$ cat protein_18.pdb   # PDB, C-alpha atoms, pLDDT in the B column
ATOM      1  CA  MET A 296       0.000   0.000   0.000  1.00 57.00           C
ATOM      2  CA  GLY A 297       1.103   3.479  -0.625  1.00 82.00           C
ATOM      3  CA  LEU A 298       0.084   6.887   0.484  1.00 87.00           C
ATOM      4  CA  ARG A 299      -2.071   7.080  -2.633  1.00 91.00           C
ATOM      5  CA  HIS A 300      -4.571   4.553  -1.325  1.00 91.00           C
ATOM      6  CA  ALA A 301      -4.722   6.202   2.091  1.00 89.00           C
ATOM      7  CA  VAL A 302      -5.480   9.542   0.378  1.00 90.00           C
ATOM      8  CA  LEU A 303      -8.139   7.973  -1.840  1.00 91.00           C
ATOM      9  CA  ALA A 304      -9.716   6.274   1.196  1.00 88.00           C
ATOM     10  CA  SER A 305      -9.709   9.573   3.068  1.00 87.00           C
ATOM     11  CA  LEU A 306     -11.544  11.276   0.202  1.00 91.00           C
ATOM     12  CA  LEU A 307     -14.388   8.785   0.657  1.00 88.00           C
ATOM     13  CA  GLU A 308     -15.356  11.021   3.591  1.00 86.00           C
ATOM     14  CA  GLY A 309     -16.019  13.851   1.107  1.00 87.00           C
ATOM     15  CA  ASP A 310     -14.269  16.493  -0.974  1.00 92.00           C
ATOM     16  CA  ALA A 311     -11.381  18.267   0.728  1.00 90.00           C
ATOM     17  CA  ALA A 312      -8.692  20.864   0.197  1.00 89.00           C
ATOM     18  CA  GLY A 313      -5.136  19.811   1.008  1.00 86.00           C
ATOM     19  CA  TYR A 314      -5.260  21.444   4.440  1.00 85.00           C
ATOM     20  CA  GLU A 315      -8.609  19.809   5.247  1.00 87.00           C
ATOM     21  CA  LEU A 316      -7.284  16.461   4.072  1.00 87.00           C
ATOM     22  CA  SER A 317      -4.261  16.881   6.353  1.00 86.00           C
ATOM     23  CA  LYS A 318      -6.553  17.521   9.339  1.00 83.00           C
ATOM     24  CA  ARG A 319      -8.770  14.595   8.326  1.00 80.00           C
ATOM     25  CA  PHE A 320      -5.680  12.388   8.211  1.00 78.00           C
ATOM     26  CA  ASP A 321      -4.831  13.422  11.769  1.00 73.00           C
ATOM     27  CA  VAL A 322      -8.181  12.260  13.116  1.00 71.00           C
ATOM     28  CA  SER A 323      -9.051   9.263  10.981  1.00 71.00           C
ATOM     29  CA  VAL A 324      -6.209   7.673   9.055  1.00 72.00           C
ATOM     30  CA  ALA A 325      -3.317   8.542  11.387  1.00 67.00           C
ATOM     31  CA  ASN A 326      -3.909   5.498  13.570  1.00 65.00           C
ATOM     32  CA  PHE A 327      -2.623   3.316  10.730  1.00 72.00           C
ATOM     33  CA  TRP A 328      -0.913   5.622   8.208  1.00 78.00           C
ATOM     34  CA  SER A 329       0.961   8.878   8.655  1.00 77.00           C
ATOM     35  CA  ALA A 330       1.986  11.578   6.202  1.00 82.00           C
ATOM     36  CA  THR A 331       3.205  15.146   6.322  1.00 84.00           C
ATOM     37  CA  PRO A 332       1.114  17.895   4.697  1.00 85.00           C
ATOM     38  CA  GLN A 333       3.800  18.234   2.000  1.00 89.00           C
ATOM     39  CA  GLN A 334       3.513  14.523   1.171  1.00 90.00           C
ATOM     40  CA  LEU A 335      -0.265  14.858   0.929  1.00 89.00           C
ATOM     41  CA  TYR A 336      -0.058  17.826  -1.463  1.00 90.00           C
ATOM     42  CA  ARG A 337       2.436  15.996  -3.716  1.00 93.00           C
ATOM     43  CA  GLU A 338       0.271  12.871  -3.701  1.00 93.00           C
ATOM     44  CA  LEU A 339      -2.862  14.880  -4.557  1.00 93.00           C
ATOM     45  CA  GLU A 340      -1.039  16.337  -7.575  1.00 94.00           C
ATOM     46  CA  ARG A 341       0.016  12.842  -8.723  1.00 95.00           C
ATOM     47  CA  LEU A 342      -3.472  11.439  -8.201  1.00 96.00           C
ATOM     48  CA  GLU A 343      -4.964  14.328 -10.176  1.00 96.00           C
ATOM     49  CA  SER A 344      -2.528  13.812 -13.052  1.00 96.00           C
ATOM     50  CA  GLU A 345      -3.523  10.117 -13.129  1.00 96.00           C
ATOM     51  CA  GLY A 346      -7.242  10.963 -13.107  1.00 96.00           C
ATOM     52  CA  PHE A 347      -7.995   9.430  -9.690  1.00 97.00           C
ATOM     53  CA  VAL A 348      -8.994  12.770  -8.139  1.00 96.00           C
ATOM     54  CA  GLU A 349     -10.303  15.972  -9.639  1.00 96.00           C
ATOM     55  CA  GLY A 350      -9.365  19.380  -8.303  1.00 92.00           C
ATOM     56  CA  ARG A 351     -11.417  22.534  -8.566  1.00 92.00           C
ATOM     57  CA  VAL A 352     -10.782  26.067  -7.383  1.00 91.00           C
ATOM     58  CA  VAL A 353     -13.117  27.386  -4.715  1.00 88.00           C
ATOM     59  CA  GLU A 354     -13.160  31.173  -4.458  1.00 87.00           C
ATOM     60  CA  GLN A 355     -13.212  32.626  -0.954  1.00 86.00           C
ATOM     61  CA  GLN A 356     -14.011  36.187   0.095  1.00 88.00           C
ATOM     62  CA  ARG A 357     -11.514  36.924   2.851  1.00 90.00           C
ATOM     63  CA  ARG A 358      -8.994  34.187   2.243  1.00 89.00           C
ATOM     64  CA  PRO A 359      -6.995  33.037  -0.738  1.00 88.00           C
ATOM     65  CA  ASN A 360      -8.795  30.711  -3.124  1.00 88.00           C
ATOM     66  CA  LYS A 361      -8.327  27.030  -2.400  1.00 88.00           C
ATOM     67  CA  ARG A 362      -8.231  23.861  -4.448  1.00 91.00           C
ATOM     68  CA  VAL A 363     -10.696  21.206  -3.364  1.00 93.00           C
ATOM     69  CA  PHE A 364     -10.232  17.616  -4.465  1.00 94.00           C
ATOM     70  CA  ALA A 365     -12.880  14.989  -5.119  1.00 95.00           C
ATOM     71  CA  LEU A 366     -12.602  11.295  -5.792  1.00 95.00           C
ATOM     72  CA  THR A 367     -13.344  10.409  -9.426  1.00 97.00           C
ATOM     73  CA  PRO A 368     -14.954   7.183 -10.661  1.00 97.00           C
ATOM     74  CA  ALA A 369     -11.440   6.072 -11.688  1.00 97.00           C
ATOM     75  CA  GLY A 370     -10.279   6.762  -8.120  1.00 96.00           C
ATOM     76  CA  ARG A 371     -13.104   4.652  -6.704  1.00 95.00           C
ATOM     77  CA  ALA A 372     -12.203   1.878  -9.150  1.00 97.00           C
ATOM     78  CA  GLU A 373      -8.554   2.115  -8.048  1.00 95.00           C
ATOM     79  CA  LEU A 374      -9.661   1.725  -4.414  1.00 94.00           C
ATOM     80  CA  ARG A 375     -11.843  -1.276  -5.295  1.00 94.00           C
ATOM     81  CA  ALA A 376      -8.922  -2.902  -7.143  1.00 95.00           C
ATOM     82  CA  PHE A 377      -6.627  -2.200  -4.188  1.00 93.00           C
ATOM     83  CA  ILE A 378      -9.133  -3.697  -1.727  1.00 92.00           C
ATOM     84  CA  ALA A 379      -9.379  -6.856  -3.861  1.00 94.00           C
ATOM     85  CA  GLN A 380      -5.597  -7.420  -3.883  1.00 93.00           C
ATOM     86  CA  PRO A 381      -4.053  -9.839  -1.390  1.00 92.00           C
ATOM     87  CA  THR A 382      -2.585  -8.080   1.634  1.00 87.00           C
ATOM     88  CA  ARG A 383       1.024  -8.632   2.627  1.00 84.00           C
ATOM     89  CA  PRO A 384       1.625  -9.554   6.252  1.00 84.00           C
ATOM     90  CA  GLY A 385       2.462  -6.560   8.400  1.00 80.00           C
ATOM     91  CA  ALA A 386       6.009  -6.138   9.614  1.00 76.00           C
ATOM     92  CA  MET A 387       6.866  -4.510  12.903  1.00 78.00           C
ATOM     93  CA  ARG A 388       9.717  -2.002  12.799  1.00 81.00           C
ATOM     94  CA  ASP A 389      10.252  -0.325  16.132  1.00 87.00           C
ATOM     95  CA  ASP A 390      13.501   1.194  17.360  1.00 90.00           C
ATOM     96  CA  LEU A 391      12.386   0.732  20.985  1.00 92.00           C
ATOM     97  CA  LEU A 392      12.277  -3.037  20.480  1.00 93.00           C
ATOM     98  CA  VAL A 393      15.819  -2.958  19.090  1.00 92.00           C
ATOM     99  CA  LYS A 394      16.951  -1.028  22.189  1.00 92.00           C
ATOM    100  CA  VAL A 395      15.243  -3.517  24.506  1.00 92.00           C
ATOM    101  CA  GLN A 396      16.754  -6.437  22.582  1.00 92.00           C
ATOM    102  CA  ALA A 397      20.259  -4.973  22.788  1.00 92.00           C
ATOM    103  CA  ALA A 398      20.142  -3.723  26.390  1.00 90.00           C
ATOM    104  CA  GLY A 399      22.654  -5.022  28.886  1.00 88.00           C
ATOM    105  CA  PRO A 400      22.485  -4.629  32.675  1.00 87.00           C
ATOM    106  CA  ASP A 401      23.994  -1.128  32.576  1.00 90.00           C
ATOM    107  CA  ASP A 402      21.402  -0.032  29.982  1.00 92.00           C
ATOM    108  CA  LEU A 403      18.327  -0.918  32.039  1.00 91.00           C
ATOM    109  CA  PRO A 404      17.774   2.604  33.463  1.00 93.00           C
ATOM    110  CA  ALA A 405      17.696   4.031  29.912  1.00 94.00           C
ATOM    111  CA  VAL A 406      15.381   1.228  28.775  1.00 94.00           C
ATOM    112  CA  ARG A 407      13.091   1.841  31.750  1.00 95.00           C
ATOM    113  CA  LYS A 408      12.886   5.540  30.840  1.00 96.00           C
ATOM    114  CA  ALA A 409      12.119   4.748  27.193  1.00 97.00           C
ATOM    115  CA  ILE A 410       9.417   2.252  28.188  1.00 97.00           C
ATOM    116  CA  GLU A 411       7.817   4.749  30.575  1.00 97.00           C
ATOM    117  CA  GLU A 412       7.794   7.357  27.777  1.00 97.00           C
ATOM    118  CA  ARG A 413       6.221   4.865  25.347  1.00 97.00           C
ATOM    119  CA  ARG A 414       3.559   3.975  27.911  1.00 98.00           C
ATOM    120  CA  GLN A 415       2.711   7.655  28.390  1.00 98.00           C
ATOM    121  CA  GLN A 416       2.543   8.221  24.623  1.00 95.00           C
ATOM    122  CA  ALA A 417       0.251   5.199  24.285  1.00 96.00           C
ATOM    123  CA  ARG A 418      -2.001   6.472  27.079  1.00 97.00           C
ATOM    124  CA  GLU A 419      -2.260   9.876  25.397  1.00 95.00           C
ATOM    125  CA  LYS A 420      -2.999   8.353  22.007  1.00 92.00           C
ATOM    126  CA  LEU A 421      -5.584   6.024  23.527  1.00 94.00           C
ATOM    127  CA  ALA A 422      -7.282   8.998  25.197  1.00 95.00           C
ATOM    128  CA  PHE A 423      -7.338  10.749  21.789  1.00 91.00           C
ATOM    129  CA  TYR A 424      -8.828   7.661  20.124  1.00 91.00           C
ATOM    130  CA  ASP A 425     -11.404   7.354  22.908  1.00 94.00           C
ATOM    131  CA  HIS A 426     -12.369  10.994  22.261  1.00 92.00           C
ATOM    132  CA  LEU A 427     -12.728  10.243  18.527  1.00 89.00           C
ATOM    133  CA  HIS A 428     -14.791   7.165  19.387  1.00 93.00           C
ATOM    134  CA  ASP A 429     -17.149   9.254  21.520  1.00 94.00           C
ATOM    135  CA  GLY A 430     -17.504  11.767  18.675  1.00 90.00           C
ATOM    136  CA  LEU A 431     -18.152   9.037  16.135  1.00 90.00           C
ATOM    137  CA  LEU A 432     -20.885   7.499  18.278  1.00 93.00           C
ATOM    138  CA  ASP A 433     -22.431  10.899  19.040  1.00 92.00           C
ATOM    139  CA  GLY A 434     -24.291   9.595  22.099  1.00 94.00           C
ATOM    140  CA  ARG A 435     -25.293   6.282  20.518  1.00 95.00           C
ATOM    141  CA  THR A 436     -24.170   2.824  21.536  1.00 96.00           C
ATOM    142  CA  ASP A 437     -21.636   1.026  19.388  1.00 95.00           C
ATOM    143  CA  ALA A 438     -24.381  -1.285  18.139  1.00 96.00           C
ATOM    144  CA  ALA A 439     -26.655   1.635  17.228  1.00 96.00           C
ATOM    145  CA  HIS A 440     -23.848   3.375  15.354  1.00 95.00           C
ATOM    146  CA  LEU A 441     -23.006   0.201  13.423  1.00 95.00           C
ATOM    147  CA  ALA A 442     -26.658  -0.330  12.531  1.00 95.00           C
ATOM    148  CA  GLU A 443     -26.952   3.216  11.144  1.00 93.00           C
ATOM    149  CA  ALA A 444     -23.498   3.819   9.624  1.00 91.00           C
ATOM    150  CA  GLU A 445     -23.219   3.787   5.853  1.00 88.00           C
ATOM    151  CA  ARG A 446     -19.543   2.743   6.074  1.00 88.00           C
ATOM    152  CA  VAL A 447     -18.161   0.566   8.866  1.00 91.00           C
ATOM    153  CA  GLY A 448     -14.475   1.099   7.959  1.00 88.00           C
ATOM    154  CA  PRO A 449     -13.867   4.243  10.047  1.00 86.00           C
ATOM    155  CA  TYR A 450     -15.262   2.497  13.123  1.00 92.00           C
ATOM    156  CA  LEU A 451     -13.183  -0.638  12.537  1.00 92.00           C
ATOM    157  CA  THR A 452      -9.901   1.222  11.976  1.00 88.00           C
ATOM    158  CA  LEU A 453     -10.523   3.308  15.075  1.00 90.00           C
ATOM    159  CA  MET A 454     -11.184   0.099  17.009  1.00 93.00           C
ATOM    160  CA  GLY A 455      -7.871  -1.255  15.697  1.00 91.00           C
ATOM    161  CA  GLY A 456      -6.016   1.863  16.829  1.00 89.00           C
ATOM    162  CA  ARG A 457      -7.578   1.704  20.290  1.00 93.00           C
ATOM    163  CA  LEU A 458      -6.706  -1.988  20.701  1.00 95.00           C
ATOM    164  CA  TYR A 459      -3.164  -1.348  19.457  1.00 93.00           C
ATOM    165  CA  GLU A 460      -2.576   1.359  22.077  1.00 95.00           C
ATOM    166  CA  GLN A 461      -4.143  -0.812  24.800  1.00 97.00           C
ATOM    167  CA  ALA A 462      -1.714  -3.581  23.839  1.00 96.00           C
ATOM    168  CA  ASN A 463       1.177  -1.085  23.909  1.00 96.00           C
ATOM    169  CA  ILE A 464       0.229  -0.024  27.441  1.00 98.00           C
ATOM    170  CA  HIS A 465      -0.064  -3.651  28.571  1.00 98.00           C
ATOM    171  CA  TRP A 466       3.326  -4.528  27.059  1.00 97.00           C
ATOM    172  CA  CYS A 467       5.009  -1.509  28.662  1.00 97.00           C
ATOM    173  CA  GLU A 468       3.572  -2.380  32.065  1.00 97.00           C
ATOM    174  CA  SER A 469       4.723  -5.992  31.655  1.00 97.00           C
ATOM    175  CA  VAL A 470       8.243  -4.871  30.716  1.00 96.00           C
ATOM    176  CA  LEU A 471       8.376  -2.491  33.669  1.00 96.00           C
ATOM    177  CA  ALA A 472       7.296  -5.316  36.001  1.00 95.00           C
ATOM    178  CA  VAL A 473      10.122  -7.524  34.711  1.00 94.00           C
ATOM    179  CA  LEU A 474      12.617  -4.673  35.071  1.00 92.00           C
ATOM    180  CA  ASP A 475      11.377  -4.058  38.632  1.00 91.00           C
ATOM    181  CA  GLU A 476      12.109  -7.693  39.482  1.00 88.00           C
ATOM    182  CA  ARG A 477      15.617  -7.461  38.031  1.00 80.00           C
ATOM    183  CA  SER A 478      16.554  -4.068  39.416  1.00 72.00           C
ATOM    184  CA  PRO A 479      13.966  -2.331  41.589  1.00 62.00           C
ATOM    185  CA  VAL A 480      13.638   1.430  41.280  1.00 62.00           C
ATOM    186  CA  PRO A 481      15.010   3.127  44.415  1.00 63.00           C
ATOM    187  CA  ASP A 482      12.475   4.982  46.580  1.00 62.00           C
ATOM    188  CA  GLY A 483      11.979   8.622  45.662  1.00 57.00           C
ATOM    189  CA  ASP A 484      12.239   8.155  41.872  1.00 53.00           C
TER     190      ASP A 484
END
$ encode --input "protein_18.pdb" --output "structure tokens"
Amino acid sequence: MGLRHAVLASLLEGDAAGYELSKRFDVSVANFWSATPQQLYRELERLESEGFVEGRVVEQQRRPNKRVFALTPAGRAELRAFIAQPTRPGAMRDDLLVKVQAAGPDDLPAVRKAIEERRQQAREKLAFYDHLHDGLLDGRTDAAHLAEAERVGPYLTLMGGRLYEQANIHWCESVLAVLDERSPVPDGD
């Protein structure tokens, strides 16, 4: 998969300018794919040149005009073809795991610090995903949302992101427990 398919999938939520697409990425696609605004703008240009999206200029009164992009029928067909392709197994690449793997006894304080930071990051991201989940449900139960939603994908990817961060927190706490057994943290730290 490339950024192109993540952009096309994001445009299923509706037409968007580059800036709006960047913000949409932050709250919907970022739990499984990340991109800088510059990467998004370059990809939109490529997708437009290939006929997968169509850009139009929207005039604004007090701001500069903006280009808004929409998914074309060819873009929808590209997404359908992508969805039908076999998926490669995911591969984990995480520098923290390399550090943990390589750590010797003298490195354990640095590993402990890195694990505590990862746990905090995971807690913050989980809180963000929980906030998105609440917004998606808009006061409904999960079952009610699923019964009414036109597309189930946003719910399912959000669920995946939440479970991923919960697993991260659990792993960090397990690692910290093992490190505590090997070299307890002195009181006052």
$ closest_residue --input "protein_18.pdb" --among "A:Arg371, A:Gly346, A:Arg446, A:Arg357" --to "Leu306 (chain A)" --atoms "all atoms listed in the file"
A:Arg371
$ resolve_selection --input "protein_18.pdb" --expression "the PyMOL selection byres ((chain A and resi 348) around 7)" --output "VMD selection string"
chain A and resid 342 to 343 346 to 347 349 to 350 364 to 367 370
$ residues_around --input "protein_18.pdb" --residues "Leu427 (chain A)" --least-positions-apart "4" --cutoff "10 Å" --atoms "only C-alpha atoms" --output "list of chain:residue names"
A:Val322, A:Ser323, A:Leu421, A:Ala422, A:Phe423, A:Leu431, A:Leu432, A:Asp433, A:Tyr450, A:Leu453
$ residues_near_point --input "protein_18.pdb" --point "(-9.7, 27.0, -13.3)" --cutoff "12 Å" --atoms "all atoms listed in the file" --output "PDB file with C-alpha atoms, in the coordinates of the input"
ATOM      1  CA  GLU A 349     -10.303  15.972  -9.639  1.00 96.00           C
ATOM      2  CA  GLY A 350      -9.365  19.380  -8.303  1.00 92.00           C
ATOM      3  CA  ARG A 351     -11.417  22.534  -8.566  1.00 92.00           C
ATOM      4  CA  VAL A 352     -10.782  26.067  -7.383  1.00 91.00           C
ATOM      5  CA  VAL A 353     -13.117  27.386  -4.715  1.00 88.00           C
ATOM      6  CA  GLU A 354     -13.160  31.173  -4.458  1.00 87.00           C
ATOM      7  CA  ASN A 360      -8.795  30.711  -3.124  1.00 88.00           C
ATOM      8  CA  LYS A 361      -8.327  27.030  -2.400  1.00 88.00           C
ATOM      9  CA  ARG A 362      -8.231  23.861  -4.448  1.00 91.00           C
ATOM     10  CA  VAL A 363     -10.696  21.206  -3.364  1.00 93.00           C
TER      11      VAL A 363
END
$ atom_distance --input "protein_18.pdb" --atom1 "CA of Met454 (chain A)" --atom2 "CA of Phe377 (chain A)"
21.8 Å
$ closest_residue --input "protein_18.pdb" --among "A:Val395, A:Arg337, A:Glu411, A:Tyr424" --to "Thr452 (chain A)" --atoms "all atoms listed in the file"
A:Tyr424
$ atom_distance --input "protein_18.pdb" --atom1 "CA of Asp402 (chain A)" --atom2 "CA of Ala462 (chain A)"
24.2 Å
$ closest_residue --input "protein_18.pdb" --among "A:Arg418, A:Asp425, A:Glu308, A:Ser344" --to "Gly455 (chain A)" --atoms "all atoms listed in the file"
A:Asp425
$ resolve_selection --input "protein_18.pdb" --expression "the PyMOL selection byres ((chain A and resi 415) around 12)" --output "compact mmCIF listing (two decimals) with C-alpha atoms, in the frame of the given file"
# COMPACT_ATOMS: atom_id res chain seq x y z
CA LYS A 408 12.89 5.54 30.84
CA ALA A 409 12.12 4.75 27.19
CA ILE A 410 9.42 2.25 28.19
CA GLU A 411 7.82 4.75 30.58
CA GLU A 412 7.79 7.36 27.78
CA ARG A 413 6.22 4.86 25.35
CA ARG A 414 3.56 3.98 27.91
CA GLN A 416 2.54 8.22 24.62
CA ALA A 417 0.25 5.20 24.28
CA ARG A 418 -2.00 6.47 27.08
CA GLU A 419 -2.26 9.88 25.40
CA LYS A 420 -3.00 8.35 22.01
CA LEU A 421 -5.58 6.02 23.53
CA ALA A 422 -7.28 9.00 25.20
CA GLU A 460 -2.58 1.36 22.08
CA GLN A 461 -4.14 -0.81 24.80
CA ASN A 463 1.18 -1.08 23.91
CA ILE A 464 0.23 -0.02 27.44
CA HIS A 465 -0.06 -3.65 28.57
CA CYS A 467 5.01 -1.51 28.66
CA GLU A 468 3.57 -2.38 32.06
$ decode --input "protein_18.pdb" --residues "region 445-462 of chain A" --atoms "N, CA, C and O atoms" --output "PDB file, in the first residue's frame"
ATOM      1  N   GLU A 445     -23.295   4.202   7.256  1.00  0.00           N
ATOM      2  CA  GLU A 445     -23.219   3.787   5.853  1.00  0.00           C
ATOM      3  C   GLU A 445     -21.953   2.963   5.621  1.00  0.00           C
ATOM      4  O   GLU A 445     -21.978   1.958   4.928  1.00  0.00           O
ATOM      5  N   ARG A 446     -20.838   3.431   6.216  1.00  0.00           N
ATOM      6  CA  ARG A 446     -19.543   2.743   6.074  1.00  0.00           C
ATOM      7  C   ARG A 446     -19.049   2.336   7.454  1.00  0.00           C
ATOM      8  O   ARG A 446     -19.026   3.136   8.376  1.00  0.00           O
ATOM      9  N   VAL A 447     -18.624   1.088   7.590  1.00  0.00           N
ATOM     10  CA  VAL A 447     -18.161   0.566   8.866  1.00  0.00           C
ATOM     11  C   VAL A 447     -16.642   0.722   9.021  1.00  0.00           C
ATOM     12  O   VAL A 447     -16.113   0.635  10.125  1.00  0.00           O
ATOM     13  N   GLY A 448     -15.936   1.011   7.937  1.00  0.00           N
ATOM     14  CA  GLY A 448     -14.475   1.099   7.959  1.00  0.00           C
ATOM     15  C   GLY A 448     -13.913   2.073   8.980  1.00  0.00           C
ATOM     16  O   GLY A 448     -12.987   1.712   9.720  1.00  0.00           O
ATOM     17  N   PRO A 449     -14.409   3.315   9.048  1.00  0.00           N
ATOM     18  CA  PRO A 449     -13.867   4.243  10.047  1.00  0.00           C
ATOM     19  C   PRO A 449     -13.983   3.722  11.478  1.00  0.00           C
ATOM     20  O   PRO A 449     -13.072   3.882  12.286  1.00  0.00           O
ATOM     21  N   TYR A 450     -15.080   3.075  11.784  1.00  0.00           N
ATOM     22  CA  TYR A 450     -15.262   2.497  13.123  1.00  0.00           C
ATOM     23  C   TYR A 450     -14.236   1.384  13.360  1.00  0.00           C
ATOM     24  O   TYR A 450     -13.605   1.313  14.421  1.00  0.00           O
ATOM     25  N   LEU A 451     -14.079   0.508  12.378  1.00  0.00           N
ATOM     26  CA  LEU A 451     -13.183  -0.638  12.537  1.00  0.00           C
ATOM     27  C   LEU A 451     -11.719  -0.217  12.647  1.00  0.00           C
ATOM     28  O   LEU A 451     -10.967  -0.790  13.444  1.00  0.00           O
ATOM     29  N   THR A 452     -11.294   0.785  11.868  1.00  0.00           N
ATOM     30  CA  THR A 452      -9.901   1.222  11.976  1.00  0.00           C
ATOM     31  C   THR A 452      -9.655   1.936  13.293  1.00  0.00           C
ATOM     32  O   THR A 452      -8.597   1.787  13.900  1.00  0.00           O
ATOM     33  N   LEU A 453     -10.645   2.673  13.774  1.00  0.00           N
ATOM     34  CA  LEU A 453     -10.523   3.308  15.075  1.00  0.00           C
ATOM     35  C   LEU A 453     -10.442   2.246  16.174  1.00  0.00           C
ATOM     36  O   LEU A 453      -9.636   2.354  17.099  1.00  0.00           O
ATOM     37  N   MET A 454     -11.243   1.201  16.058  1.00  0.00           N
ATOM     38  CA  MET A 454     -11.184   0.099  17.009  1.00  0.00           C
ATOM     39  C   MET A 454      -9.781  -0.532  16.997  1.00  0.00           C
ATOM     40  O   MET A 454      -9.217  -0.826  18.056  1.00  0.00           O
ATOM     41  N   GLY A 455      -9.219  -0.704  15.802  1.00  0.00           N
ATOM     42  CA  GLY A 455      -7.871  -1.255  15.697  1.00  0.00           C
ATOM     43  C   GLY A 455      -6.840  -0.375  16.376  1.00  0.00           C
ATOM     44  O   GLY A 455      -5.945  -0.867  17.070  1.00  0.00           O
ATOM     45  N   GLY A 456      -6.946   0.936  16.183  1.00  0.00           N
ATOM     46  CA  GLY A 456      -6.016   1.863  16.829  1.00  0.00           C
ATOM     47  C   GLY A 456      -6.139   1.826  18.337  1.00  0.00           C
ATOM     48  O   GLY A 456      -5.134   1.841  19.061  1.00  0.00           O
ATOM     49  N   ARG A 457      -7.365   1.757  18.835  1.00  0.00           N
ATOM     50  CA  ARG A 457      -7.578   1.704  20.290  1.00  0.00           C
ATOM     51  C   ARG A 457      -6.993   0.417  20.863  1.00  0.00           C
ATOM     52  O   ARG A 457      -6.312   0.435  21.891  1.00  0.00           O
ATOM     53  N   LEU A 458      -7.244  -0.713  20.215  1.00  0.00           N
ATOM     54  CA  LEU A 458      -6.706  -1.988  20.701  1.00  0.00           C
ATOM     55  C   LEU A 458      -5.178  -2.008  20.634  1.00  0.00           C
ATOM     56  O   LEU A 458      -4.514  -2.561  21.519  1.00  0.00           O
ATOM     57  N   TYR A 459      -4.617  -1.410  19.592  1.00  0.00           N
ATOM     58  CA  TYR A 459      -3.164  -1.348  19.457  1.00  0.00           C
ATOM     59  C   TYR A 459      -2.549  -0.586  20.629  1.00  0.00           C
ATOM     60  O   TYR A 459      -1.568  -1.024  21.223  1.00  0.00           O
ATOM     61  N   GLU A 460      -3.125   0.568  20.970  1.00  0.00           N
ATOM     62  CA  GLU A 460      -2.576   1.359  22.077  1.00  0.00           C
ATOM     63  C   GLU A 460      -2.798   0.658  23.416  1.00  0.00           C
ATOM     64  O   GLU A 460      -1.944   0.722  24.300  1.00  0.00           O
ATOM     65  N   GLN A 461      -3.929  -0.034  23.584  1.00  0.00           N
ATOM     66  CA  GLN A 461      -4.143  -0.812  24.800  1.00  0.00           C
ATOM     67  C   GLN A 461      -3.084  -1.907  24.929  1.00  0.00           C
ATOM     68  O   GLN A 461      -2.556  -2.143  26.024  1.00  0.00           O
ATOM     69  N   ALA A 462      -2.760  -2.548  23.825  1.00  0.00           N
ATOM     70  CA  ALA A 462      -1.714  -3.581  23.839  1.00  0.00           C
ATOM     71  C   ALA A 462      -0.353  -2.960  24.148  1.00  0.00           C
ATOM     72  O   ALA A 462       0.455  -3.559  24.880  1.00  0.00           O
TER      73      ALA A 462
END
